[in-house]
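Source file: run_15.tsv. Holds: TSV, C-alpha atoms.
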chain	number	residue	atom	x	y	z
A	1	MET	CA	-21.36	40.80	-8.24
A	2	ARG	CA	-23.66	38.30	-6.57
A	3	SER	CA	-26.48	39.56	-4.36
A	4	PRO	CA	-26.70	38.41	-0.72
A	5	ASP	CA	-29.63	36.17	-1.73
A	6	GLU	CA	-27.64	34.52	-4.49
A	7	ARG	CA	-24.73	33.98	-2.11
A	8	ARG	CA	-27.02	32.36	0.48
A	9	ARG	CA	-28.52	30.05	-2.15
A	10	SER	CA	-25.09	29.17	-3.34
A	11	ASP	CA	-23.82	28.42	0.17
A	12	ARG	CA	-26.87	26.25	0.83
A	13	ALA	CA	-26.25	24.28	-2.36
A	14	ARG	CA	-22.59	23.76	-1.52
A	15	THR	CA	-23.46	22.52	1.97
A	16	ALA	CA	-26.16	20.21	0.59
A	17	ILE	CA	-23.70	18.76	-1.91
A	18	LEU	CA	-20.98	18.16	0.70
A	19	THR	CA	-23.46	16.54	3.10
A	20	ALA	CA	-24.87	14.33	0.33
A	21	THR	CA	-21.36	13.32	-0.69
A	22	ALA	CA	-20.34	12.35	2.83
A	23	GLU	CA	-23.53	10.32	3.22
A	24	ALA	CA	-23.09	8.60	-0.14
A	25	VAL	CA	-19.50	7.61	0.57
A	26	ALA	CA	-20.37	6.33	4.04
A	27	GLU	CA	-23.26	4.27	2.66
A	28	LEU	CA	-21.89	3.07	-0.68
A	29	GLY	CA	-18.14	3.49	-0.48
A	30	TYR	CA	-16.09	5.67	-2.81
A	31	ALA	CA	-16.21	3.42	-5.86
A	32	LYS	CA	-20.03	3.24	-6.00
A	33	THR	CA	-20.53	6.93	-5.27
A	34	SER	CA	-21.31	8.91	-8.44
A	35	ILE	CA	-21.76	12.59	-9.30
A	36	GLU	CA	-25.29	11.66	-10.46
A	37	GLY	CA	-26.07	10.05	-7.11
A	38	ILE	CA	-24.70	13.02	-5.18
A	39	ALA	CA	-26.73	15.44	-7.31
A	40	ALA	CA	-29.92	13.44	-6.72
A	41	ARG	CA	-29.37	13.29	-2.94
A	42	ALA	CA	-28.53	17.00	-2.75
A	43	GLY	CA	-31.45	18.02	-4.98
A	44	VAL	CA	-29.21	19.89	-7.44
A	45	GLY	CA	-28.23	19.37	-11.05
A	46	LYS	CA	-24.94	17.68	-11.99
A	47	GLN	CA	-23.78	20.95	-13.57
A	48	THR	CA	-24.03	22.67	-10.16
A	49	ILE	CA	-21.52	20.18	-8.77
A	50	TYR	CA	-19.20	20.54	-11.76
A	51	ARG	CA	-19.31	24.35	-11.32
A	52	TRP	CA	-17.32	23.95	-8.10
A	53	TRP	CA	-15.54	20.62	-8.35
A	54	PRO	CA	-13.74	19.14	-11.35
A	55	SER	CA	-14.29	15.49	-10.38
A	56	LYS	CA	-15.79	13.02	-7.96
A	57	GLY	CA	-12.43	12.77	-6.21
A	58	ALA	CA	-12.35	16.51	-5.58
A	59	VAL	CA	-15.82	16.74	-4.04
A	60	VAL	CA	-15.26	13.59	-1.97
A	61	LEU	CA	-12.01	14.95	-0.58
A	62	ASP	CA	-13.81	18.20	0.33
A	63	ALA	CA	-16.71	16.31	1.91
A	64	LEU	CA	-14.37	14.17	3.99
A	65	ALA	CA	-12.76	17.39	5.21
A	66	VAL	CA	-9.41	15.86	4.47
A	67	ASP	CA	-8.14	19.19	3.20
A	68	GLN	CA	-5.20	19.12	5.54
A	69	GLY	CA	-3.31	22.03	4.06
A	70	ASP	CA	-2.36	23.36	7.46
A	71	VAL	CA	-1.95	20.05	9.25
A	72	GLU	CA	0.73	20.50	11.90
A	73	TRP	CA	2.48	18.11	14.26
A	74	PRO	CA	2.67	18.76	17.97
A	75	ASP	CA	6.12	20.05	18.91
A	76	THR	CA	6.60	19.71	22.65
A	77	GLY	CA	10.37	19.46	22.17
A	78	ASP	CA	10.18	15.71	22.93
A	79	LEU	CA	10.14	13.84	19.61
A	80	ALA	CA	9.33	10.45	21.17
A	81	ALA	CA	6.26	11.85	22.96
A	82	ASP	CA	5.03	13.68	19.86
A	83	LEU	CA	5.63	10.66	17.62
A	84	ARG	CA	3.79	8.36	20.02
A	85	LEU	CA	0.79	10.70	19.99
A	86	VAL	CA	0.69	10.96	16.21
A	87	LEU	CA	1.21	7.24	15.62
A	88	ARG	CA	-1.50	6.31	18.13
A	89	ALA	CA	-3.90	8.66	16.34
A	90	THR	CA	-2.89	7.35	12.90
A	91	VAL	CA	-3.27	3.73	13.96
A	92	ALA	CA	-6.69	4.50	15.48
A	93	GLU	CA	-7.75	6.13	12.22
A	94	PHE	CA	-6.74	3.08	10.17
A	95	ALA	CA	-8.39	0.80	12.74
A	96	ASP	CA	-11.71	2.64	12.29
A	97	GLU	CA	-13.75	0.58	9.82
A	98	THR	CA	-15.53	3.42	8.03
A	99	THR	CA	-12.41	5.56	7.61
A	100	SER	CA	-10.43	2.52	6.60
A	101	ALA	CA	-12.99	1.47	3.97
A	102	THR	CA	-13.08	4.96	2.46
A	103	LEU	CA	-9.29	5.25	2.40
A	104	ARG	CA	-9.01	1.78	0.87
A	105	ALA	CA	-11.44	2.68	-1.92
A	106	LEU	CA	-9.57	5.96	-2.53
A	107	MET	CA	-6.27	4.12	-2.63
A	108	ILE	CA	-7.52	1.57	-5.16
A	109	ASP	CA	-9.00	4.27	-7.38
A	110	MET	CA	-5.82	6.37	-7.12
A	111	GLN	CA	-3.88	3.56	-8.77
A	112	GLN	CA	-6.12	3.84	-11.83
A	113	ASP	CA	-7.04	7.54	-11.81
A	114	ALA	CA	-4.18	10.00	-12.18
A	115	ALA	CA	-6.37	13.07	-11.45
A	116	LEU	CA	-7.61	11.59	-8.18
A	117	SER	CA	-4.08	10.54	-7.32
A	118	ASP	CA	-2.94	14.15	-7.81
A	119	GLN	CA	-5.76	15.44	-5.60
A	120	VAL	CA	-4.93	13.00	-2.81
A	121	HIS	CA	-1.24	13.84	-3.03
A	122	THR	CA	-1.77	17.60	-3.15
A	123	ARG	CA	-4.44	17.85	-0.50
A	124	MET	CA	-3.96	14.96	1.89
A	125	LEU	CA	-0.76	13.02	1.60
A	126	GLY	CA	1.64	15.79	0.62
A	127	PRO	CA	0.72	18.09	3.53
A	128	GLN	CA	0.86	15.18	6.00
A	129	LEU	CA	4.30	14.07	4.84
A	130	ALA	CA	5.56	17.67	4.71
A	131	ALA	CA	4.35	18.31	8.27
A	132	THR	CA	6.11	15.14	9.44
A	133	LYS	CA	9.29	16.25	7.72
A	134	ARG	CA	9.09	19.68	9.38
A	135	ARG	CA	8.78	18.03	12.81
A	136	LEU	CA	11.80	15.83	12.06
A	137	GLU	CA	13.78	18.87	10.89
A	138	SER	CA	13.02	20.58	14.18
A	139	ALA	CA	14.16	17.41	16.00
A	140	GLN	CA	17.31	17.33	13.88
A	141	ARG	CA	18.07	20.93	14.90
A	142	SER	CA	17.59	20.06	18.58
A	143	GLY	CA	19.84	16.99	18.27
A	144	GLN	CA	17.14	14.31	18.64
A	145	VAL	CA	17.59	13.12	15.05
A	146	ALA	CA	21.13	12.43	13.82
A	147	PRO	CA	22.48	15.07	11.40
A	148	GLY	CA	23.19	12.80	8.41
A	149	ILE	CA	19.75	11.20	8.12
A	150	ASP	CA	17.74	11.67	4.90
A	151	LEU	CA	14.43	12.95	6.23
A	152	ASP	CA	12.41	11.78	3.20
A	153	VAL	CA	13.49	8.23	4.00
A	154	ALA	CA	12.83	8.87	7.70
A	155	VAL	CA	9.25	10.03	7.04
A	156	GLU	CA	8.52	6.77	5.21
A	157	LEU	CA	10.17	4.76	7.98
A	158	VAL	CA	7.54	6.24	10.30
A	159	PHE	CA	4.43	5.75	8.14
A	160	GLY	CA	5.46	2.93	5.79
A	161	PRO	CA	5.05	0.15	8.35
A	162	ILE	CA	1.49	1.32	9.10
A	163	TYR	CA	0.56	1.27	5.42
A	164	HIS	CA	2.17	-2.16	5.04
A	165	ARG	CA	0.11	-3.58	7.90
A	166	TRP	CA	-3.05	-1.89	6.62
A	167	ILE	CA	-2.84	-2.75	2.93
A	168	LEU	CA	-1.59	-6.28	3.38
A	169	ARG	CA	-3.79	-6.92	6.44
A	170	THR	CA	-0.96	-8.78	8.10
A	171	HIS	CA	-1.60	-7.96	11.77
A	172	PRO	CA	-4.12	-6.07	13.94
A	173	PHE	CA	-3.87	-2.37	14.75
A	174	ASP	CA	-3.71	-1.42	18.41
A	175	GLU	CA	-1.99	0.99	20.74
A	176	ALA	CA	0.72	-1.51	21.64
A	177	TYR	CA	1.60	-1.64	17.96
A	178	ALA	CA	1.75	2.16	17.69
A	179	ASP	CA	4.04	2.29	20.72
A	180	ALA	CA	6.35	-0.51	19.48
A	181	LEU	CA	6.68	1.29	16.16
A	182	THR	CA	7.37	4.60	17.92
A	183	GLU	CA	10.19	3.00	19.88
A	184	LEU	CA	11.83	1.46	16.80
A	185	ALA	CA	11.54	4.69	14.80
A	186	ILE	CA	13.03	6.80	17.60
A	187	GLN	CA	15.92	4.35	17.91
A	188	ALA	CA	16.43	4.44	14.12
A	189	LEU	CA	16.63	8.23	13.99
A	190	LYS	CA	18.93	8.76	17.00
B	1	MET	CA	-4.25	-44.74	-13.38
B	2	ARG	CA	-3.20	-42.48	-16.23
B	3	SER	CA	-1.19	-43.95	-19.07
B	4	PRO	CA	2.22	-42.41	-19.97
B	5	ASP	CA	0.55	-40.88	-23.04
B	6	GLU	CA	-2.17	-39.25	-20.97
B	7	ARG	CA	0.43	-37.91	-18.57
B	8	ARG	CA	2.47	-36.43	-21.44
B	9	ARG	CA	-0.63	-34.75	-22.92
B	10	SER	CA	-1.52	-33.44	-19.51
B	11	ASP	CA	1.99	-32.03	-18.93
B	12	ARG	CA	1.94	-30.37	-22.35
B	13	ALA	CA	-1.42	-28.74	-21.61
B	14	ARG	CA	-0.21	-27.46	-18.22
B	15	THR	CA	2.91	-25.98	-19.79
B	16	ALA	CA	0.88	-24.37	-22.58
B	17	ILE	CA	-1.49	-22.82	-20.04
B	18	LEU	CA	1.32	-21.44	-17.88
B	19	THR	CA	3.12	-19.99	-20.92
B	20	ALA	CA	-0.10	-18.45	-22.25
B	21	THR	CA	-0.83	-16.95	-18.83
B	22	ALA	CA	2.61	-15.37	-18.51
B	23	GLU	CA	2.29	-13.91	-22.02
B	24	ALA	CA	-1.21	-12.59	-21.36
B	25	VAL	CA	-0.23	-10.88	-18.11
B	26	ALA	CA	2.88	-9.34	-19.69
B	27	GLU	CA	0.84	-8.04	-22.64
B	28	LEU	CA	-2.44	-7.05	-21.01
B	29	GLY	CA	-1.73	-6.76	-17.30
B	30	TYR	CA	-3.42	-8.80	-14.60
B	31	ALA	CA	-6.78	-7.03	-14.64
B	32	LYS	CA	-7.41	-7.57	-18.37
B	33	THR	CA	-6.18	-11.17	-18.38
B	34	SER	CA	-9.08	-13.64	-18.37
B	35	ILE	CA	-9.42	-17.41	-18.08
B	36	GLU	CA	-11.14	-17.30	-21.51
B	37	GLY	CA	-8.19	-15.44	-23.00
B	38	ILE	CA	-5.67	-17.83	-21.48
B	39	ALA	CA	-7.64	-20.85	-22.75
B	40	ALA	CA	-7.75	-19.39	-26.28
B	41	ARG	CA	-4.01	-18.65	-26.31
B	42	ALA	CA	-3.16	-22.09	-24.92
B	43	GLY	CA	-5.54	-23.90	-27.29
B	44	VAL	CA	-7.39	-25.64	-24.46
B	45	GLY	CA	-10.90	-25.41	-23.04
B	46	LYS	CA	-11.67	-23.29	-19.97
B	47	GLN	CA	-12.60	-26.45	-18.06
B	48	THR	CA	-9.04	-27.76	-18.54
B	49	ILE	CA	-7.73	-24.70	-16.70
B	50	TYR	CA	-10.31	-25.02	-13.93
B	51	ARG	CA	-9.33	-28.68	-13.48
B	52	TRP	CA	-5.97	-27.53	-12.08
B	53	TRP	CA	-6.50	-23.99	-10.85
B	54	PRO	CA	-9.45	-22.62	-8.86
B	55	SER	CA	-9.12	-19.04	-10.14
B	56	LYS	CA	-7.30	-16.59	-12.38
B	57	GLY	CA	-5.22	-15.52	-9.39
B	58	ALA	CA	-4.01	-19.06	-8.80
B	59	VAL	CA	-2.89	-19.72	-12.38
B	60	VAL	CA	-1.28	-16.26	-12.64
B	61	LEU	CA	0.70	-16.82	-9.46
B	62	ASP	CA	1.88	-20.19	-10.82
B	63	ALA	CA	2.78	-18.65	-14.18
B	64	LEU	CA	4.75	-15.86	-12.56
B	65	ALA	CA	6.66	-18.48	-10.61
B	66	VAL	CA	6.10	-16.47	-7.50
B	67	ASP	CA	5.62	-19.64	-5.51
B	68	GLN	CA	8.21	-18.66	-2.99
B	69	GLY	CA	7.49	-21.37	-0.47
B	70	ASP	CA	11.16	-21.94	0.19
B	71	VAL	CA	12.39	-18.37	-0.16
B	72	GLU	CA	15.37	-17.94	2.16
B	73	TRP	CA	17.46	-14.94	3.19
B	74	PRO	CA	21.24	-14.97	2.98
B	75	ASP	CA	22.74	-15.49	6.41
B	76	THR	CA	26.39	-14.49	6.35
B	77	GLY	CA	26.27	-13.64	10.06
B	78	ASP	CA	26.37	-9.92	9.20
B	79	LEU	CA	22.77	-8.62	9.31
B	80	ALA	CA	23.62	-5.24	7.79
B	81	ALA	CA	25.29	-6.84	4.76
B	82	ASP	CA	22.44	-9.31	4.24
B	83	LEU	CA	19.79	-6.62	4.67
B	84	ARG	CA	21.54	-4.31	2.20
B	85	LEU	CA	21.60	-7.14	-0.38
B	86	VAL	CA	17.93	-8.01	0.07
B	87	LEU	CA	16.75	-4.38	0.09
B	88	ARG	CA	18.75	-3.56	-3.04
B	89	ALA	CA	17.16	-6.56	-4.79
B	90	THR	CA	13.68	-5.64	-3.55
B	91	VAL	CA	14.04	-2.00	-4.62
B	92	ALA	CA	15.29	-3.13	-8.04
B	93	GLU	CA	12.27	-5.42	-8.40
B	94	PHE	CA	9.83	-2.59	-7.60
B	95	ALA	CA	11.76	-0.27	-9.92
B	96	ASP	CA	11.28	-2.70	-12.82
B	97	GLU	CA	8.29	-1.46	-14.81
B	98	THR	CA	6.86	-4.83	-15.87
B	99	THR	CA	7.16	-6.41	-12.43
B	100	SER	CA	5.85	-3.26	-10.83
B	101	ALA	CA	2.82	-3.10	-13.14
B	102	THR	CA	1.94	-6.76	-12.49
B	103	LEU	CA	2.34	-6.37	-8.72
B	104	ARG	CA	0.28	-3.18	-8.78
B	105	ALA	CA	-2.56	-4.92	-10.65
B	106	LEU	CA	-2.39	-7.86	-8.24
B	107	MET	CA	-2.44	-5.52	-5.26
B	108	ILE	CA	-5.50	-3.64	-6.53
B	109	ASP	CA	-7.38	-6.86	-7.25
B	110	MET	CA	-6.40	-8.29	-3.85
B	111	GLN	CA	-8.29	-5.46	-2.15
B	112	GLN	CA	-11.50	-6.60	-3.87
B	113	ASP	CA	-10.95	-10.35	-4.19
B	114	ALA	CA	-10.56	-12.28	-0.95
B	115	ALA	CA	-9.57	-15.53	-2.71
B	116	LEU	CA	-6.75	-13.83	-4.62
B	117	SER	CA	-5.70	-12.05	-1.45
B	118	ASP	CA	-5.44	-15.43	0.31
B	119	GLN	CA	-3.37	-16.86	-2.56
B	120	VAL	CA	-0.95	-13.92	-2.52
B	121	HIS	CA	-0.61	-14.12	1.25
B	122	THR	CA	-0.15	-17.88	1.34
B	123	ARG	CA	2.20	-18.20	-1.59
B	124	MET	CA	4.10	-14.93	-1.93
B	125	LEU	CA	3.84	-12.52	0.95
B	126	GLY	CA	3.60	-14.93	3.86
B	127	PRO	CA	6.75	-16.89	2.93
B	128	GLN	CA	8.68	-13.65	2.27
B	129	LEU	CA	7.74	-12.14	5.62
B	130	ALA	CA	8.37	-15.44	7.43
B	131	ALA	CA	11.85	-15.72	5.87
B	132	THR	CA	12.61	-12.15	6.94
B	133	LYS	CA	11.45	-12.94	10.45
B	134	ARG	CA	13.66	-16.07	10.57
B	135	ARG	CA	16.69	-13.99	9.56
B	136	LEU	CA	15.90	-11.43	12.26
B	137	GLU	CA	15.50	-14.23	14.83
B	138	SER	CA	18.93	-15.49	13.91
B	139	ALA	CA	20.29	-11.94	14.28
B	140	GLN	CA	18.54	-11.64	17.64
B	141	ARG	CA	20.25	-14.84	18.81
B	142	SER	CA	23.65	-13.51	17.71
B	143	GLY	CA	23.06	-10.18	19.46
B	144	GLN	CA	22.67	-8.00	16.35
B	145	VAL	CA	18.98	-7.32	17.11
B	146	ALA	CA	18.03	-6.22	20.63
B	147	PRO	CA	16.27	-8.92	22.68
B	148	GLY	CA	13.02	-7.06	23.44
B	149	ILE	CA	12.10	-6.15	19.86
B	150	ASP	CA	8.81	-7.46	18.41
B	151	LEU	CA	9.98	-9.05	15.17
B	152	ASP	CA	6.59	-8.75	13.43
B	153	VAL	CA	6.88	-4.99	13.84
B	154	ALA	CA	10.54	-5.15	12.79
B	155	VAL	CA	9.71	-7.01	9.54
B	156	GLU	CA	7.27	-4.26	8.59
B	157	LEU	CA	9.82	-1.60	9.51
B	158	VAL	CA	12.06	-3.12	6.85
B	159	PHE	CA	9.51	-3.53	4.02
B	160	GLY	CA	6.83	-0.98	4.92
B	161	PRO	CA	8.81	2.08	3.75
B	162	ILE	CA	9.37	0.42	0.34
B	163	TYR	CA	5.65	-0.28	-0.09
B	164	HIS	CA	4.86	3.29	1.00
B	165	ARG	CA	7.19	4.74	-1.61
B	166	TRP	CA	5.90	2.35	-4.27
B	167	ILE	CA	2.16	2.65	-3.70
B	168	LEU	CA	2.12	6.39	-3.10
B	169	ARG	CA	4.78	7.07	-5.75
B	170	THR	CA	6.38	9.65	-3.48
B	171	HIS	CA	10.05	9.30	-4.50
B	172	PRO	CA	12.22	7.37	-6.94
B	173	PHE	CA	13.67	3.92	-6.27
B	174	ASP	CA	17.43	3.60	-6.43
B	175	GLU	CA	20.31	1.91	-4.69
B	176	ALA	CA	21.07	4.98	-2.56
B	177	TYR	CA	17.53	4.70	-1.22
B	178	ALA	CA	17.96	0.98	-0.45
B	179	ASP	CA	21.18	1.73	1.40
B	180	ALA	CA	19.74	4.65	3.40
B	181	LEU	CA	16.83	2.45	4.46
B	182	THR	CA	19.22	-0.37	5.40
B	183	GLU	CA	21.16	1.97	7.66
B	184	LEU	CA	18.05	3.29	9.43
B	185	ALA	CA	16.62	-0.21	9.92
B	186	ILE	CA	19.88	-1.56	11.32
B	187	GLN	CA	20.08	1.36	13.73
B	188	ALA	CA	16.44	0.78	14.78
B	189	LEU	CA	16.98	-2.87	15.54
B	190	LYS	CA	20.26	-2.55	17.46
If you convert what's in this file into structure tokens, what do you get?
Amino acid sequence: MRSPDERRRSDRARTAILTATAEAVAELGYAKTSIEGIAARAGVGKQTIYRWWPSKGAVVLDALAVDQGDVEWPDTGDLAADLRLVLRATVAEFADETTSATLRALMIDMQQDAALSDQVHTRMLGPQLAATKRRLESAQRSGQVAPGIDLDVAVELVFGPIYHRWILRTHPFDEAYADALTELAIQALK
Amino acid sequence: MRSPDERRRSDRARTAILTATAEAVAELGYAKTSIEGIAARAGVGKQTIYRWWPSKGAVVLDALAVDQGDVEWPDTGDLAADLRLVLRATVAEFADETTSATLRALMIDMQQDAALSDQVHTRMLGPQLAATKRRLESAQRSGQVAPGIDLDVAVELVFGPIYHRWILRTHPFDEAYADALTELAIQALK
């Protein structure tokens, strides 16, 4: 068993590592952030980082606090209102330059790094999509989504257009866009 | 003025370069294809390639014959039928491993290479999205798409879910998926 002193030291090191990681990613972007660089900033050895995290992707995802395991949608009983809220927030997130740059770097690296891709799916994307599906199931039960609709396709109908606009940089992100998309999606799912 | 002989030599060199490029991309993928490699395969000097193409992206796009400047949608007067056809073809294209791998490599490089991104937008994506918008405009005139709908948002509602599924590798691509998406999109645009 660890002594209280050891536990405190350990907690301090973890916090230092997460802070250093967040700073490094904000300054350098994901691609240029390295375990070595994080270790140097945090004043720990590389092996201390690897004791807790298997990869750069894992510690970055922790540092970004994107561990959205218990992400939940609002459920006011009004799907259109809840969807508008979530899409406005999502669009604002993608419109934010720092968040967008980090997500873009993660997305590029995911295409070439299967372990990172797994981490992002398990800890960020999967929970988000599952929460969306749960909200649509609830709407299907209350008659706001038609019974026959495949909810996996419906989830992508909601978020796919945002990714399209973001990745391909076709048009700007604003609230009017979030609301137009909300209206089309609600109409599609009726 | 060039003599007929010069023109023939020039045409032969262009053809050799385009063939070599297509072979290199199929074998190595976009990222590992280089102007040097293309020149060696084609038996020409690098400067011959740069005489006609400003970048690797430009010659690859030519070689892949993705110059879709006059891409046009079917217009049978029945939007649902035309959309089903186009979405089935699009889904089949993304499901094809070679095409998918090339597009994936292009997409990754686009995020880091503004010149390539411009080329892909100007020559591939832009014309595709514009053709989709024209078809939706025609459907709006004939009353199959509601008058108030923003067609830029509508275009992304059609293709965004496919990109989402493809980039994030969330679910398989098949005809049932194309048809489910067609149905939701048609319902959204009514």
Report task. Would you kindly report the residues of chain B within 9 Å of chain A, using all atoms listed in the file, as a VMD selection string? Result -> chain B and resid 104 to 105 107 to 111 117 121 125 to 126 149 to 150 152 to 165 167 to 168 170 to 171 177 180 to 181 183 to 190
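The interatomic distance for the pair atom CA of Arg7 of chain A and atom CA of Ala24 of chain A works out to 25.5 Å.
For the pair atom CA of Glu93 of chain A and atom CA of Leu103 of chain B, the interatomic distance is 26.4 Å.
Between atom CA of Val71 of chain A and atom CA of Arg8 of chain A there is a distance of 29.3 Å.
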Query raised in the report: Could you name the residues that touch Arg134 of chain A at 12 Å or less, counting only C-alpha atoms, but leaving out those on the same chain fewer than 3 positions away, as a PyMOL selection string?
Result: chain A and resi 71-75+79+127-131+137-141+151-152+154-155
